[in-house]
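target-v9.cif, holding mmCIF, C-alpha atoms:
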```
data_start
loop_
_atom_site.group_PDB
_atom_site.id
_atom_site.type_symbol
_atom_site.label_atom_id
_atom_site.label_comp_id
_atom_site.auth_asym_id
_atom_site.auth_seq_id
_atom_site.Cartn_x
_atom_site.Cartn_y
_atom_site.Cartn_z
ATOM 1 C CA MET A 104 -20.650 27.248 -19.052
ATOM 2 C CA GLU A 105 -17.334 26.277 -20.580
ATOM 3 C CA LEU A 106 -15.073 24.094 -18.461
ATOM 4 C CA PRO A 107 -11.401 25.029 -18.212
ATOM 5 C CA GLU A 108 -8.920 22.875 -20.080
ATOM 6 C CA PHE A 109 -7.753 19.940 -17.986
ATOM 7 C CA ASN A 110 -4.171 20.259 -16.797
ATOM 8 C CA ASP A 111 -2.164 17.299 -15.394
ATOM 9 C CA ARG A 112 -0.126 19.571 -13.106
ATOM 10 C CA ALA A 113 -3.240 21.206 -11.640
ATOM 11 C CA PHE A 114 -4.747 17.752 -11.048
ATOM 12 C CA ARG A 115 -1.607 16.554 -9.243
ATOM 13 C CA ASP A 116 -1.457 19.756 -7.174
ATOM 14 C CA ALA A 117 -5.101 19.472 -6.114
ATOM 15 C CA MET A 118 -4.858 15.753 -5.264
ATOM 16 C CA SER A 119 -1.677 16.319 -3.257
ATOM 17 C CA ARG A 120 -3.754 18.369 -0.801
ATOM 18 C CA PHE A 121 -5.392 15.135 0.372
ATOM 19 C CA CYS A 122 -3.284 13.535 3.083
ATOM 20 C CA THR A 123 -2.857 9.763 2.800
ATOM 21 C CA GLY A 124 -1.290 7.031 4.835
ATOM 22 C CA VAL A 125 1.597 5.005 3.445
ATOM 23 C CA VAL A 126 1.566 1.220 3.092
ATOM 24 C CA VAL A 127 3.801 -1.470 1.690
ATOM 25 C CA VAL A 128 1.935 -4.140 -0.258
ATOM 26 C CA THR A 129 3.686 -7.503 -0.067
ATOM 27 C CA GLY A 130 3.212 -10.914 -1.597
ATOM 28 C CA MET A 131 5.096 -13.930 -2.817
ATOM 29 C CA ASP A 132 6.374 -14.774 -6.280
ATOM 30 C CA GLY A 133 7.027 -18.457 -5.709
ATOM 31 C CA GLU A 134 9.566 -18.456 -2.893
ATOM 32 C CA GLN A 135 10.595 -14.823 -3.499
ATOM 33 C CA PRO A 136 9.014 -12.046 -1.395
ATOM 34 C CA VAL A 137 7.887 -9.047 -3.454
ATOM 35 C CA GLY A 138 6.534 -5.651 -2.451
ATOM 36 C CA PHE A 139 5.866 -2.035 -3.325
ATOM 37 C CA THR A 140 4.953 1.210 -1.580
ATOM 38 C CA ALA A 141 1.464 2.638 -2.076
ATOM 39 C CA GLN A 142 -0.572 5.502 -0.729
ATOM 40 C CA SER A 143 -3.802 4.602 -2.511
ATOM 41 C CA PHE A 144 -5.185 2.241 0.137
ATOM 42 C CA THR A 145 -8.601 2.310 1.776
ATOM 43 C CA SER A 146 -11.060 0.283 3.776
ATOM 44 C CA LEU A 147 -13.893 -0.606 1.420
ATOM 45 C CA SER A 148 -16.499 -2.744 3.226
ATOM 46 C CA LEU A 149 -17.213 -4.222 6.649
ATOM 47 C CA ASP A 150 -19.526 -6.979 5.416
ATOM 48 C CA PRO A 151 -17.768 -8.677 3.793
ATOM 49 C CA PRO A 152 -14.466 -7.227 5.038
ATOM 50 C CA LEU A 153 -12.847 -5.684 1.947
ATOM 51 C CA VAL A 154 -10.004 -3.242 1.331
ATOM 52 C CA SER A 155 -8.638 -1.725 -1.854
ATOM 53 C CA VAL A 156 -5.248 -0.633 -3.114
ATOM 54 C CA SER A 157 -4.396 0.841 -6.512
ATOM 55 C CA PRO A 158 -1.048 -0.187 -8.010
ATOM 56 C CA ALA A 159 0.176 1.652 -11.086
ATOM 57 C CA LYS A 160 0.030 -0.325 -14.305
ATOM 58 C CA SER A 161 3.743 0.439 -14.637
ATOM 59 C CA SER A 162 4.425 -1.498 -11.412
ATOM 60 C CA SER A 163 6.821 -4.390 -11.870
ATOM 61 C CA SER A 164 5.897 -5.812 -8.436
ATOM 62 C CA TRP A 165 2.100 -6.146 -8.629
ATOM 63 C CA PRO A 166 2.221 -8.483 -11.688
ATOM 64 C CA ARG A 167 4.481 -10.775 -9.621
ATOM 65 C CA ILE A 168 2.115 -10.730 -6.611
ATOM 66 C CA ARG A 169 -1.192 -11.098 -8.519
ATOM 67 C CA PRO A 170 -0.821 -14.781 -9.612
ATOM 68 C CA ALA A 171 -0.589 -15.976 -5.991
ATOM 69 C CA GLY A 172 -3.989 -14.425 -5.293
ATOM 70 C CA ARG A 173 -2.935 -13.206 -1.846
ATOM 71 C CA PHE A 174 -1.212 -10.131 -0.494
ATOM 72 C CA CYS A 175 -0.640 -8.193 2.706
ATOM 73 C CA ILE A 176 -1.079 -4.481 3.354
ATOM 74 C CA ASN A 177 1.581 -3.308 5.836
ATOM 75 C CA ILE A 178 0.610 0.063 7.373
ATOM 76 C CA LEU A 179 3.743 2.085 8.105
ATOM 77 C CA GLY A 180 4.568 4.149 11.180
ATOM 78 C CA ALA A 181 6.069 7.640 11.092
ATOM 79 C CA ASP A 182 9.475 6.126 11.921
ATOM 80 C CA GLN A 183 9.432 3.886 8.815
ATOM 81 C CA ARG A 184 10.171 6.374 6.033
ATOM 82 C CA ALA A 185 13.290 4.423 5.021
ATOM 83 C CA LEU A 186 11.144 1.311 4.556
ATOM 84 C CA SER A 187 8.723 3.261 2.381
ATOM 85 C CA ASP A 188 11.603 4.611 0.284
ATOM 86 C CA ALA A 189 13.158 1.152 -0.123
ATOM 87 C CA PHE A 190 9.924 -0.392 -1.406
ATOM 88 C CA ALA A 191 9.203 2.611 -3.667
ATOM 89 C CA ARG A 192 12.316 1.891 -5.761
ATOM 90 C CA SER A 193 12.176 -0.199 -8.910
ATOM 91 C CA GLY A 194 14.306 -3.304 -9.130
ATOM 92 C CA GLY A 195 16.833 -4.691 -6.702
ATOM 93 C CA ASP A 196 16.167 -6.757 -3.596
ATOM 94 C CA LYS A 197 13.719 -4.620 -1.643
ATOM 95 C CA PHE A 198 13.712 -7.189 1.166
ATOM 96 C CA ALA A 199 17.472 -6.954 1.812
ATOM 97 C CA GLY A 200 17.854 -6.387 5.553
ATOM 98 C CA VAL A 201 14.069 -6.307 6.098
ATOM 99 C CA ARG A 202 12.710 -8.634 8.757
ATOM 100 C CA TRP A 203 9.384 -10.277 8.003
ATOM 101 C CA ALA A 204 7.291 -13.343 8.720
ATOM 102 C CA PRO A 205 4.592 -15.043 6.652
ATOM 103 C CA GLY A 206 1.082 -13.929 7.548
ATOM 104 C CA ALA A 207 -2.082 -16.036 7.515
ATOM 105 C CA THR A 208 -2.085 -16.184 3.702
ATOM 106 C CA GLY A 209 1.687 -16.631 3.426
ATOM 107 C CA ALA A 210 2.238 -13.035 2.281
ATOM 108 C CA PRO A 211 5.028 -11.189 4.138
ATOM 109 C CA VAL A 212 4.133 -9.219 7.259
ATOM 110 C CA LEU A 213 6.904 -6.673 7.799
ATOM 111 C CA GLU A 214 8.321 -6.435 11.295
ATOM 112 C CA GLY A 215 7.422 -3.311 13.239
ATOM 113 C CA VAL A 216 4.520 -2.024 11.122
ATOM 114 C CA LEU A 217 1.594 -0.253 12.809
ATOM 115 C CA ALA A 218 -0.852 -2.812 11.468
ATOM 116 C CA HIS A 219 -1.172 -5.388 8.751
ATOM 117 C CA VAL A 220 -4.125 -6.604 6.702
ATOM 118 C CA ASP A 221 -3.736 -10.042 5.114
ATOM 119 C CA CYS A 222 -5.955 -10.521 2.036
ATOM 120 C CA LEU A 223 -7.084 -12.822 -0.722
ATOM 121 C CA LEU A 224 -7.492 -11.195 -4.127
ATOM 122 C CA GLU A 225 -11.234 -10.625 -4.573
ATOM 123 C CA ALA A 226 -11.275 -8.550 -7.781
ATOM 124 C CA GLU A 227 -9.191 -6.294 -9.975
ATOM 125 C CA HIS A 228 -10.602 -3.447 -12.046
ATOM 126 C CA ASP A 229 -9.069 -1.343 -14.787
ATOM 127 C CA ALA A 230 -8.773 2.318 -13.774
ATOM 128 C CA GLY A 231 -6.780 4.450 -16.212
ATOM 129 C CA ASP A 232 -3.064 4.171 -15.500
ATOM 130 C CA HIS A 233 -3.757 2.175 -12.318
ATOM 131 C CA SER A 234 -5.693 -0.910 -11.292
ATOM 132 C CA ILE A 235 -8.155 -1.026 -8.409
ATOM 133 C CA VAL A 236 -7.371 -4.187 -6.475
ATOM 134 C CA VAL A 237 -9.971 -5.429 -3.996
ATOM 135 C CA GLY A 238 -8.789 -7.705 -1.213
ATOM 136 C CA ARG A 239 -10.961 -9.863 1.045
ATOM 137 C CA VAL A 240 -9.521 -9.589 4.539
ATOM 138 C CA GLN A 241 -8.458 -12.928 6.025
ATOM 139 C CA ALA A 242 -6.503 -11.744 9.058
ATOM 140 C CA LEU A 243 -5.275 -8.498 10.544
ATOM 141 C CA ALA A 244 -3.561 -7.066 13.573
ATOM 142 C CA ALA A 245 -2.862 -3.610 14.953
ATOM 143 C CA GLU A 246 0.357 -3.238 16.890
ATOM 144 C CA ASP A 247 1.503 -0.277 18.982
ATOM 145 C CA LEU A 248 -1.504 2.070 19.006
ATOM 146 C CA ALA A 249 0.541 4.915 20.504
ATOM 147 C CA ARG A 250 2.781 5.338 17.427
ATOM 148 C CA SER A 251 1.925 7.838 14.702
ATOM 149 C CA PRO A 252 1.335 6.754 11.095
ATOM 150 C CA LEU A 253 3.575 7.732 8.203
ATOM 151 C CA LEU A 254 1.650 10.253 6.109
ATOM 152 C CA PHE A 255 2.094 11.708 2.634
ATOM 153 C CA PHE A 256 0.973 15.271 1.837
ATOM 154 C CA ARG A 257 1.935 17.663 -0.998
ATOM 155 C CA GLY A 258 4.703 15.339 -2.176
ATOM 156 C CA SER A 259 6.367 14.979 1.233
ATOM 157 C CA TYR A 260 6.290 12.664 4.218
ATOM 158 C CA GLY A 261 4.847 13.780 7.524
ATOM 159 C CA GLN A 262 3.262 12.482 10.684
ATOM 160 C CA PHE A 263 0.094 12.921 12.674
ATOM 161 C CA ILE A 264 0.215 15.320 15.606
ATOM 162 C CA ASP A 265 -2.544 14.914 18.187
ATOM 163 C CA LEU A 266 -4.012 18.343 18.960
#
```

Using structure tokens, write down the structure from this file.
Amino acid sequence: MELPEFNDRAFRDAMSRFCTGVVVVTGMDGEQPVGFTAQSFTSLSLDPPLVSVSPAKSSSSWPRIRPAGRFCINILGADQRALSDAFARSGGDKFAGVRWAPGATGAPVLEGVLAHVDCLLEAEHDAGDHSIVVGRVQALAAEDLARSPLLFFRGSYGQFIDL
């Protein structure tokens, strides 16, 4: 059986049918807070507690976070689309007007997020045009459990509706 020719557009279209949550990954570059928006985040292991996130190799933020060896995953609520958009942009001061406090590892915990997961860098693996970053969870907290998460589906934001 002959396989059809691979098509980037078809791949993107098919993958966009999988709904993901939206997070902002934060860390410190010396005294400067740094962050970026990601949707490729998952829980990886309970024992030991591990999570993974996959920054693009084109990211200008991840190379600034990596040397510190610590980062925080900030899970966004449905009302935080503007925060997602701000951290998705390249360049500029993404933290302008954003309230945050240092978490257990010193990485920024953004005010008002649904939950945060504070990690030490456990491993990083090459994966095509992205890296797979594994974080060992050091601390975490879930805030308002009644709020809906910010979701991403078919190239657009959305929110969870309880049926």

### Residues within 12 Å of (7.4, -4.3, 10.5), file coords, all atoms listed in the file, listed as JSON, numbers by chain
{"A": [126, 127, 129, 175, 176, 177, 178, 179, 180, 182, 183, 184, 185, 186, 187, 198, 200, 201, 202, 203, 204, 205, 206, 211, 212, 213, 214, 215, 216, 217, 218, 219, 244, 245, 246, 247]}

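In terms of minimum interatomic distance to Val128 of chain A, A:Asp221 ranks closest within A:Asp188, A:Asp221, A:Glu108, A:Asp196, counting all atoms listed in the file.
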
Write out as a tab-separated table (two decimals) with C-alpha atoms, in the frame of the given file each polymer residue whose atoms come within 10 Å of Gln142 of chain A, counting only C-alpha atoms; drop sequence neighbours fewer than 2 positions from it.
```
chain	number	residue	atom	x	y	z
A	122	CYS	CA	-3.28	13.54	3.08
A	123	THR	CA	-2.86	9.76	2.80
A	124	GLY	CA	-1.29	7.03	4.84
A	125	VAL	CA	1.60	5.00	3.44
A	126	VAL	CA	1.57	1.22	3.09
A	127	VAL	CA	3.80	-1.47	1.69
A	128	VAL	CA	1.94	-4.14	-0.26
A	140	THR	CA	4.95	1.21	-1.58
A	144	PHE	CA	-5.18	2.24	0.14
A	145	THR	CA	-8.60	2.31	1.78
A	156	VAL	CA	-5.25	-0.63	-3.11
A	157	SER	CA	-4.40	0.84	-6.51
A	158	PRO	CA	-1.05	-0.19	-8.01
A	178	ILE	CA	0.61	0.06	7.37
A	254	LEU	CA	1.65	10.25	6.11
A	255	PHE	CA	2.09	11.71	2.63
```

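The nearest approach to Arg167 of chain A among the residues A:Ala207, A:Met118, A:Val137, A:Ala191, with only C-alpha atoms taken into account, belongs to A:Val137.
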
Around all the atoms of segment 216-223 of chain A listed in the file, with 8 Å of room on each side, what axis-aligned box do you get, giving centre and edge lengths in Å to one decimal, as AutoDock Vina command-line options?
```
--center_x -1.3 --center_y -6.5 --center_z 6.0 --size_x 27.6 --size_y 28.6 --size_z 29.5
```
